[in-house]
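**Q** Take a look at the following structure, please.
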Amino acid sequence: MKGSEIIKVHGLIKDYSMGKQSFRALNDVNMSVCSGEFTGLVGPSGSGKTTLLNIIGALDNPTEGDAVVLGKDVNSLSQAEGALLRNESLGFIFQTYNLLPVYTVYENVEFPLLLLKKSKQERNEAVMKALEWVGLTAKAKSKPNQLSGGESQRVAVARAMVKLPKIVLADEPTANLDAANSHNILKMMLKLNEELNTTFIFATHDEKVIAYLKRKVVLSDGKIIDDITLN
């Protein structure tokens, strides 16, 4: 269920220096996202979708324009303030899983809660609940090298969801998965979106992901060229 506006970007421009030249990754991007959306930033490689996702996630700053996320202007945040926004309110899912190999599945999922200084009991309850959501309670003591690709990505989803973030940002989350695992992951994320009203924003060009979206924002050469409500 869509709710109030929680992301608004206006006049967003992002330039990168490449030697003596400059590359414009985003060119006057305007969009808003409401709570509970299941939205994809869709376009080919180089279209600007990951750059936009990173700015929304306070991982990068725009060259010009504004990005307001949960009432915070990303461009005006200090490094510490950006880290606090990410720790408290945002979950991230990447195509490479980014699991810590020396830690168990349980410890990987627990990690964001340590940053939030939750008690041991609070951490245990939240981790086991998150592993239950992704069907991996039996793998809590396993190490990442004992998991399949699909299981590793499910752990990454659990780690993103364990602190009940308001927004989950997913960059090509199915890129390293086969079709069956891709569909399982996407169904699981859609279920979490519908049950917890968590806002999901994907950067993707995968047709399997696009088939699940409720909204598709199409980018080309750093500009939004289409914005379509689906389902």
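Starting from 1 in every chain, residues are counted up; chains themselves are A, B, ... following the order of the structure tokens, and ligands are numbered from 1 as listed.
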So that each row is one residue of stretch 170-206 of chain A with an atom at most 8 Å from stretch 144-151 of chain A, can you give its shortest atom pair and the distance in Å to one decimal, using only C-alpha atoms, rows by chain and rising number, as JSON lines?

**A**
{"residue": "A:Asn176", "atom": "CA", "partner": "A:Gly149", "partner_atom": "CA", "distance": 7.3}
{"residue": "A:Leu177", "atom": "CA", "partner": "A:Gly150", "partner_atom": "CA", "distance": 6.4}
{"residue": "A:Asn181", "atom": "CA", "partner": "A:Gly150", "partner_atom": "CA", "distance": 5.5}
{"residue": "A:Ser182", "atom": "CA", "partner": "A:Gly150", "partner_atom": "CA", "distance": 7.7}
{"residue": "A:Ile185", "atom": "CA", "partner": "A:Gly150", "partner_atom": "CA", "distance": 7.7}

**Q** Quick one: residues within 7 Å of stretch 63-70 of chain A, only C-alpha atoms counted, chain neighbours fewer than 3 positions away excluded, as a PyMOL selection string?

**A** chain A and resi 6-15+56+73-75

**Q** Just list as an MDAnalysis selection string whatever in stretch 1-217 of chain A DSSP marks as strand (DSSP E or B).

**A** chainID A and resid 5:18 21:34 38:42 64:69 72:73 90:94 167:171 199:204 215:217

**Q** Hey, could you make a per-residue contact list for stretch 49-146 of chain A against stretch 213-230 of chain A with 10 Å as the cut-off, showing the nearest pair of atoms and its distance in Å to one decimal, counting only C-alpha atoms, sorted by chain and number, as CSV?

**A**
residue,atom,partner,partner_atom,distance
A:Lys49,CA,A:Leu219,CA,6.7
A:Thr51,CA,A:Gly222,CA,9.0
A:Leu52,CA,A:Gly222,CA,9.0

**Q** Please determine, counting only C-alpha atoms, which residue among A:Leu196, A:Ile55, A:Val33, A:Ile93 has the shortest atom-to-atom distance to A:Gly3.

**A**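 With only C-alpha atoms as the atom set, the closest residue is A:Val33.
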
**Q** Enumerate, as an MDAnalysis selection string, the complete set of residues in stretch 6-226 of chain A that a backbone-based DSSP assignment places in helix (DSSP H, G or I).

**A** chainID A and resid 49:56 74:76 79:89 105:115 120:133 137:139 144:146 149:161 179:196 207:210

**Q** How many Å separate atom CA of A:Val155 from atom CA of A:Leu190?

**A**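 Separation between atom CA of A:Val155 and atom CA of A:Leu190: 16.0 Å.
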
**Q** Between A:Asp178, A:Glu5, A:Asp60, A:Glu88, which one has atoms that come closest to A:Lys166, using only C-alpha atoms?

**A** A:Glu88

**Q** Could you please determine the separation between atom CA of A:Val168 and atom CA of A:Ile201 in Å, to one decimal place?

**A**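 Taking atom CA of A:Val168 and atom CA of A:Ile201, their separation equals 6.3 Å.
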
**Q** I want to know what sits within 8 Å of A:Pro112, based on only C-alpha atoms, with residues of the same chain fewer than 2 positions away left out; could you give that as a list in words?

**A** Asn87, Val109, Glu110, Leu114, Leu115, Leu116, Arg159, Val162 and Lys163 of chain A

**Q** What is the atom CA of A:Trp133 to atom CA of A:Glu194 distance in Å?

**A**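 These atoms are spaced 12.9 Å apart.
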
**Q** Identify which of the residues A:Leu26, A:Met188, A:Leu113, A:Ala211 lies closest to A:Glu125, counting only C-alpha atoms when measuring atom-to-atom distances.

**A**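 Using only C-alpha atoms, the shortest distance to A:Glu125 belongs to A:Leu113.
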
**Q** Counting only C-alpha atoms, figure out which residue out of A:Glu107, A:Asp28, A:Asp206, A:Glu122 gets nearest to A:Gly43.

**A**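 Distance minimum relative to A:Gly43 lands on A:Asp206.
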